[in-house]
file query-v5.txt (compact mmCIF, C-alpha atoms)
# COMPACT_ATOMS: atom_id res chain seq x y z
CA MET A 16 13.94 -16.90 5.89
CA PRO A 17 15.60 -14.19 3.80
CA HIS A 18 18.16 -11.99 5.49
CA ILE A 19 17.85 -8.26 4.86
CA GLU A 20 20.59 -5.74 5.60
CA LEU A 21 19.09 -2.62 7.15
CA GLU A 22 20.62 0.76 7.86
CA TYR A 23 18.92 3.45 9.92
CA PHE A 24 19.49 7.16 9.47
CA ALA A 25 18.32 10.34 11.19
CA GLN A 26 15.29 9.91 13.47
CA LEU A 27 14.99 6.22 12.59
CA GLY A 28 18.48 5.62 13.99
CA ASP A 29 17.60 7.53 17.16
CA VAL A 30 14.33 5.66 17.69
CA ALA A 31 15.69 2.20 16.82
CA GLY A 32 18.75 2.82 18.98
CA ARG A 33 20.96 1.29 16.33
CA ARG A 34 22.44 2.27 12.98
CA ALA A 35 22.30 -1.08 11.22
CA GLU A 36 21.17 -4.65 11.57
CA THR A 37 20.77 -7.86 9.64
CA ARG A 38 17.22 -9.04 9.97
CA GLU A 39 15.51 -12.33 9.18
CA THR A 40 12.06 -11.56 7.91
CA VAL A 41 9.14 -13.05 6.06
CA ALA A 42 8.19 -9.59 4.76
CA GLY A 43 8.08 -9.96 0.99
CA THR A 44 7.95 -6.27 0.11
CA ALA A 45 9.47 -3.02 1.31
CA ALA A 46 6.04 -1.93 2.60
CA ALA A 47 5.60 -5.11 4.65
CA LEU A 48 9.08 -4.77 6.10
CA TYR A 49 8.44 -1.17 7.12
CA ASP A 50 5.19 -2.23 8.84
CA GLU A 51 7.12 -4.89 10.73
CA LEU A 52 9.75 -2.35 11.85
CA ARG A 53 7.10 0.17 12.92
CA LYS A 54 5.62 -2.50 15.20
CA ASP A 55 9.02 -3.47 16.62
CA TYR A 56 10.53 -0.02 17.06
CA GLY A 57 7.55 2.31 17.11
CA PHE A 58 8.65 4.49 14.19
CA ALA A 59 6.20 7.39 14.13
CA LEU A 60 6.45 8.30 10.46
CA PRO A 61 3.87 6.65 8.20
CA SER A 62 5.12 5.23 4.91
CA GLU A 63 3.36 8.05 3.00
CA ARG A 64 5.95 10.45 4.45
CA MET A 65 8.88 8.13 3.72
CA ARG A 66 10.74 6.75 0.76
CA VAL A 67 12.60 3.47 0.47
CA ALA A 68 15.91 2.63 -1.15
CA VAL A 69 16.77 -0.95 -2.03
CA ASN A 70 20.42 -1.54 -2.85
CA ALA A 71 20.97 2.22 -2.88
CA VAL A 72 18.27 3.05 -5.45
CA PHE A 73 14.88 4.63 -4.69
CA ARG A 74 12.20 1.97 -5.25
CA PRO A 75 8.41 1.76 -4.99
CA TRP A 76 6.89 0.45 -1.77
CA ASP A 77 5.72 -2.75 -3.48
CA GLN A 78 9.33 -3.60 -4.37
CA GLU A 79 9.94 -7.32 -3.69
CA LEU A 80 12.76 -8.08 -1.31
CA HIS A 81 15.33 -10.82 -1.78
CA ASP A 82 17.89 -12.47 0.45
CA GLY A 83 20.85 -10.14 0.96
CA ASP A 84 19.09 -6.95 -0.15
CA HIS A 85 20.27 -3.74 1.49
CA VAL A 86 17.28 -1.66 2.54
CA VAL A 87 17.14 1.89 3.85
CA PHE A 88 13.92 3.61 4.83
CA ILE A 89 14.33 7.29 4.12
CA PRO A 90 12.64 9.84 6.37
CA PRO A 91 11.96 13.32 4.92
CA VAL A 92 15.27 14.65 3.63
CA SER A 93 16.74 18.13 4.03
CA GLY A 94 19.94 18.82 2.17
CA GLY A 95 21.50 22.06 1.01
CA MET B 205 41.12 19.85 -43.53
CA ALA B 206 41.32 20.49 -39.81
CA ALA B 207 40.01 17.76 -37.56
CA PRO B 208 36.61 18.68 -36.21
CA TYR B 209 36.69 20.09 -32.71
CA ARG B 210 35.69 17.34 -30.30
CA LYS B 211 34.26 18.41 -27.02
CA MET B 212 35.42 16.61 -23.90
CA ALA B 213 32.68 14.72 -22.08
CA VAL B 214 31.78 16.86 -19.08
CA ALA B 215 32.04 14.97 -15.78
CA PRO B 216 30.83 16.62 -12.59
CA ARG B 217 32.93 16.88 -9.44
CA VAL B 218 30.81 15.64 -6.53
CA VAL B 219 32.15 15.46 -2.98
CA VAL B 220 30.53 14.85 0.40
CA GLN B 221 32.92 15.69 3.20
CA ASN B 222 33.28 16.89 6.79
CA ASP B 223 35.78 19.62 5.98
CA SER B 224 34.97 23.07 4.69
CA PHE B 225 35.74 24.09 1.11
CA ASP B 226 37.63 26.91 -0.52
CA VAL B 227 35.39 28.61 -3.08
CA GLY B 228 38.30 30.29 -4.90
CA GLU B 229 40.18 27.04 -5.22
CA GLU B 230 37.10 25.25 -6.51
CA ILE B 231 36.47 27.95 -9.13
CA SER B 232 40.10 27.71 -10.31
CA ARG B 233 39.85 23.96 -10.51
CA LEU B 234 36.61 24.16 -12.50
CA LEU B 235 38.16 26.64 -14.94
CA GLN B 236 41.20 24.41 -15.39
CA THR B 237 39.09 21.33 -16.09
CA SER B 238 36.40 22.84 -18.33
CA GLU B 239 36.43 24.13 -21.89
CA GLN B 240 34.60 27.10 -23.38
CA THR B 241 33.41 28.38 -20.04
CA GLY B 242 32.01 31.92 -20.27
CA GLY B 243 30.63 32.16 -16.77
CA ILE B 244 30.15 30.27 -13.52
CA GLY B 245 26.99 30.36 -11.44
CA SER B 246 27.58 29.75 -7.75
CA PHE B 247 25.56 29.08 -4.63
CA VAL B 248 26.84 28.69 -1.09
CA GLY B 249 24.36 27.39 1.50
CA VAL B 250 25.07 28.46 5.07
CA VAL B 251 23.79 27.47 8.54
CA ARG B 252 21.25 30.19 9.29
CA GLY B 253 21.11 31.36 12.90
CA GLY B 254 18.11 32.58 14.89
CA ASP B 255 15.68 31.27 17.53
CA GLY B 256 18.54 30.02 19.67
CA LEU B 257 19.99 27.72 17.02
CA VAL B 258 23.57 26.77 17.82
CA ALA B 259 24.45 24.18 15.19
CA LEU B 260 23.17 21.75 12.61
CA SER B 261 24.23 18.13 12.45
CA LEU B 262 24.09 16.71 8.96
CA GLU B 263 23.89 13.03 8.18
CA HIS B 264 23.88 11.35 4.80
CA TYR B 265 23.48 7.92 3.29
CA PRO B 266 27.01 7.35 2.03
CA GLY B 267 27.27 6.05 -1.50
CA MET B 268 23.67 6.60 -2.49
CA CYS B 269 23.89 10.28 -1.66
CA GLU B 270 26.86 10.80 -3.98
CA GLN B 271 25.11 8.77 -6.69
CA VAL B 272 21.96 10.88 -6.47
CA ILE B 273 23.92 14.15 -6.62
CA THR B 274 25.99 12.87 -9.55
CA GLY B 275 22.75 11.97 -11.33
CA LEU B 276 21.37 15.48 -10.74
CA ALA B 277 24.64 17.06 -11.89
CA CYS B 278 24.65 14.97 -15.08
CA GLU B 279 21.04 15.99 -15.71
CA ALA B 280 22.05 19.64 -15.27
CA ILE B 281 25.03 19.23 -17.62
CA GLY B 282 22.75 17.86 -20.36
CA ARG B 283 19.84 20.19 -19.79
CA PHE B 284 21.78 23.47 -19.48
CA LYS B 285 24.74 22.62 -21.73
CA LEU B 286 27.20 23.05 -18.90
CA SER B 287 30.92 23.00 -19.50
CA GLY B 288 31.58 21.94 -15.91
CA CYS B 289 29.89 21.42 -12.58
CA THR B 290 30.97 21.07 -8.95
CA VAL B 291 28.85 20.09 -5.95
CA ILE B 292 30.45 19.88 -2.51
CA HIS B 293 28.23 19.07 0.45
CA ARG B 294 29.39 18.97 4.04
CA VAL B 295 28.21 16.60 6.76
CA GLY B 296 28.85 16.50 10.50
CA ARG B 297 28.25 19.22 13.10
CA LEU B 298 28.25 22.72 11.59
CA LEU B 299 27.94 25.92 13.59
CA VAL B 300 25.81 28.92 12.66
CA ALA B 301 27.32 30.82 9.69
CA GLU B 302 29.41 27.87 8.56
CA PRO B 303 29.05 26.92 4.88
CA ILE B 304 27.10 23.71 4.16
CA VAL B 305 27.04 23.33 0.40
CA LEU B 306 28.76 24.72 -2.68
CA ILE B 307 27.29 24.54 -6.14
CA LEU B 308 29.22 25.74 -9.17
CA ALA B 309 27.77 25.53 -12.67
CA ALA B 310 30.01 26.58 -15.56
CA ALA B 311 28.59 27.26 -19.02
CA PRO B 312 29.47 29.13 -22.19
CA HIS B 313 26.64 31.58 -21.42
CA ARG B 314 25.41 33.10 -18.17
CA ALA B 315 21.73 32.22 -18.43
CA ASP B 316 22.55 28.51 -18.46
CA ALA B 317 25.07 28.85 -15.64
CA LEU B 318 22.59 30.70 -13.41
CA GLU B 319 19.61 28.49 -14.19
CA ALA B 320 21.61 25.32 -13.65
CA THR B 321 22.78 26.59 -10.26
CA ARG B 322 19.22 27.10 -9.16
CA PHE B 323 18.10 23.77 -10.58
CA LEU B 324 20.85 21.96 -8.70
CA ILE B 325 20.20 23.49 -5.29
CA ASP B 326 16.41 23.17 -5.64
CA ARG B 327 16.58 19.51 -6.59
CA LEU B 328 19.36 18.62 -4.18
CA LYS B 329 17.44 19.92 -1.17
CA THR B 330 14.62 17.46 -1.57
CA GLY B 331 16.13 14.67 -3.66
CA ALA B 332 19.39 13.64 -2.02
CA PRO B 333 19.44 11.57 1.19
CA PHE B 334 20.72 14.20 3.64
CA TRP B 335 19.20 14.87 7.03
CA LYS B 336 19.71 17.85 9.32
CA SER B 337 19.08 18.01 13.03
CA GLU B 338 18.90 21.37 14.76
CA GLU B 339 20.66 21.89 18.06
CA PHE B 340 19.45 24.77 20.26
CA ALA B 341 21.07 26.67 23.10
CA ASP B 342 18.64 25.12 25.61
CA GLY B 343 19.74 21.62 24.60
CA ARG B 344 16.74 20.76 22.41
CA ARG B 345 17.43 18.78 19.24
CA CYS B 346 15.07 18.06 16.40
CA TRP B 347 15.19 16.69 12.87
CA ILE B 348 14.23 19.09 10.10
CA GLU B 349 11.76 18.07 7.44
CA SER B 350 11.83 19.63 4.00
CA ARG B 351 9.50 22.59 3.77
CA ALA B 352 6.55 22.75 1.39
CA GLU B 353 8.20 25.64 -0.45
CA ASP B 354 11.29 23.47 -0.99
CA GLU B 355 9.12 20.69 -2.44
CA ASP B 356 7.44 23.24 -4.72
CA ALA B 357 10.80 24.62 -5.86
CA ALA B 358 12.07 21.13 -6.68
CA SER B 359 8.94 20.05 -8.52
CA GLY B 360 8.98 23.28 -10.57
CA TRP B 361 11.87 21.85 -12.60

call {"tool": "encode", "arguments": {"input": "query-v5.txt", "output": "structure tokens"}}
result
Amino acid sequence: MPHIELEYFAQLGDVAGRRAETRETVAGTAAALYDELRKDYGFALPSERMRVAVNAVFRPWDQELHDGDHVVFIPPVSGG
Amino acid sequence: MAAPYRKMAVAPRVVVQNDSFDVGEEISRLLQTSEQTGGIGSFVGVVRGGDGLVALSLEHYPGMCEQVITGLACEAIGRFKLSGCTVIHRVGRLLVAEPIVLILAAAPHRADALEATRFLIDRLKTGAPFWKSEEFADGRRCWIESRAEDEDAASGW
């Protein structure tokens, strides 16, 4: 199974209780991986309120994932 | 015949750091590293107090955050013909009235400098992976989500 590098920020880090993990997953897309994580960790935010970055670039939810990809699910941001 | 004047490529200065910044020093630095600057637009974002707020804690996605801001700064440089641009954003725990962000946009003419400043802060607020959590006097903590008016301001550009 592909290994995905995950990092968790803001509320996702609080809820998951960790800041990063390497995960073996059969999820083929960013959307499928987020669904899997919501089941495991109980993330409250639906994907419509989130964005996803793969290898540090914003990508669409149907982005295919490959072994070694670095994935960050991005809750609503608030800079400035 | 004199060689034609060749303008230096304008590269933004983008920093994400824990420490505060010195606005005067940053303006001097921008003037020293830019050409044909006629004015500098500036914005300083500050932790706003009220409702028992004690501090904000800011997190960012290191690497990507700097890349996104650099992309926005380069867009501003092209769009508003800037002669220089500085964006410094702080992270970590910041108390009420502490500065959070500095935006400086230098241009030959003031309209471009001022518009670019507004463009940069509007787009940065909703486009760069920063997160703020509010910490209140009674111990409550909560993550802030960007406000609808912020989204509108960003999409207006």

call {"tool": "residues_around", "arguments": {"input": "query-v5.txt", "residues": "stretch 82-95 of chain A", "least_positions_apart": "6", "cutoff": "8 Å", "atoms": "only C-alpha atoms", "output": "number ranges by chain"}}
result
A: 17-27, 49, 60, 64-71; B: 249, 293, 304-305, 325, 328-336, 348-350

call {"tool": "interface_residues", "arguments": {"input": "query-v5.txt", "of": "chain B", "to": "chain A", "cutoff": "12 Å", "atoms": "all atoms listed in the file", "output": "JSON, numbers by chain"}}
result
{"B": [220, 247, 248, 249, 250, 251, 252, 260, 261, 262, 263, 264, 265, 266, 267, 268, 269, 270, 271, 272, 273, 275, 291, 292, 293, 294, 295, 303, 304, 305, 306, 307, 322, 324, 325, 326, 327, 328, 329, 330, 331, 332, 333, 334, 335, 336, 337, 338, 345, 346, 347, 348, 349, 350, 351, 352, 354, 355]}

call {"tool": "residues_around", "arguments": {"input": "query-v5.txt", "residues": "stretch 226-238 of chain B", "least_positions_apart": "4", "cutoff": "8 Å", "atoms": "all atoms listed in the file", "output": "VMD selection string"}}
result
chain B and resid 214 287 to 290 306 308 310

call {"tool": "atom_distance", "arguments": {"input": "query-v5.txt", "atom1": "atom CA of B:Gly245", "atom2": "atom CA of B:Asn222"}}
result
23.5 Å

call {"tool": "residues_near_point", "arguments": {"input": "query-v5.txt", "point": "(12.8, 5.5, 15.8)", "cutoff": "8 Å", "atoms": "all atoms listed in the file", "output": "ChimeraX atom specification"}}
result
/A:26-32,56-59

call {"tool": "write_last_selection", "arguments": {"input": "query-v5.txt", "atoms": "C-alpha atoms", "output": "compact mmCIF listing (two decimals), keeping the file's coordinate frame"}}
result
# COMPACT_ATOMS: atom_id res chain seq x y z
CA GLN A 26 15.29 9.91 13.47
CA LEU A 27 14.99 6.22 12.59
CA GLY A 28 18.48 5.62 13.99
CA ASP A 29 17.60 7.53 17.16
CA VAL A 30 14.33 5.66 17.69
CA ALA A 31 15.69 2.20 16.82
CA GLY A 32 18.75 2.82 18.98
CA TYR A 56 10.53 -0.02 17.06
CA GLY A 57 7.55 2.31 17.11
CA PHE A 58 8.65 4.49 14.19
CA ALA A 59 6.20 7.39 14.13

call {"tool": "atom_distance", "arguments": {"input": "query-v5.txt", "atom1": "atom CA of B:Gly256", "atom2": "atom CA of B:Ala301"}}
result
13.3 Å

call {"tool": "atom_distance", "arguments": {"input": "query-v5.txt", "atom1": "atom CA of B:Asp223", "atom2": "atom CA of B:Val300"}}
result
15.2 Å

call {"tool": "closest_residue", "arguments": {"input": "query-v5.txt", "among": "B:Val218, B:Ala317, B:Ala341, B:Ala358", "to": "B:Lys285", "atoms": "only C-alpha atoms"}}
result
B:Ala317

call {"tool": "closest_residue", "arguments": {"input": "query-v5.txt", "among": "B:Thr241, B:Ala259, B:Asp342, B:Gln221", "to": "B:Ala309", "atoms": "all atoms listed in the file"}}
result
B:Thr241

call {"tool": "closest_residue", "arguments": {"input": "query-v5.txt", "among": "B:Ala315, B:Thr274, B:Asp255, B:Ser246", "to": "B:Val219", "atoms": "only C-alpha atoms"}}
result
B:Thr274
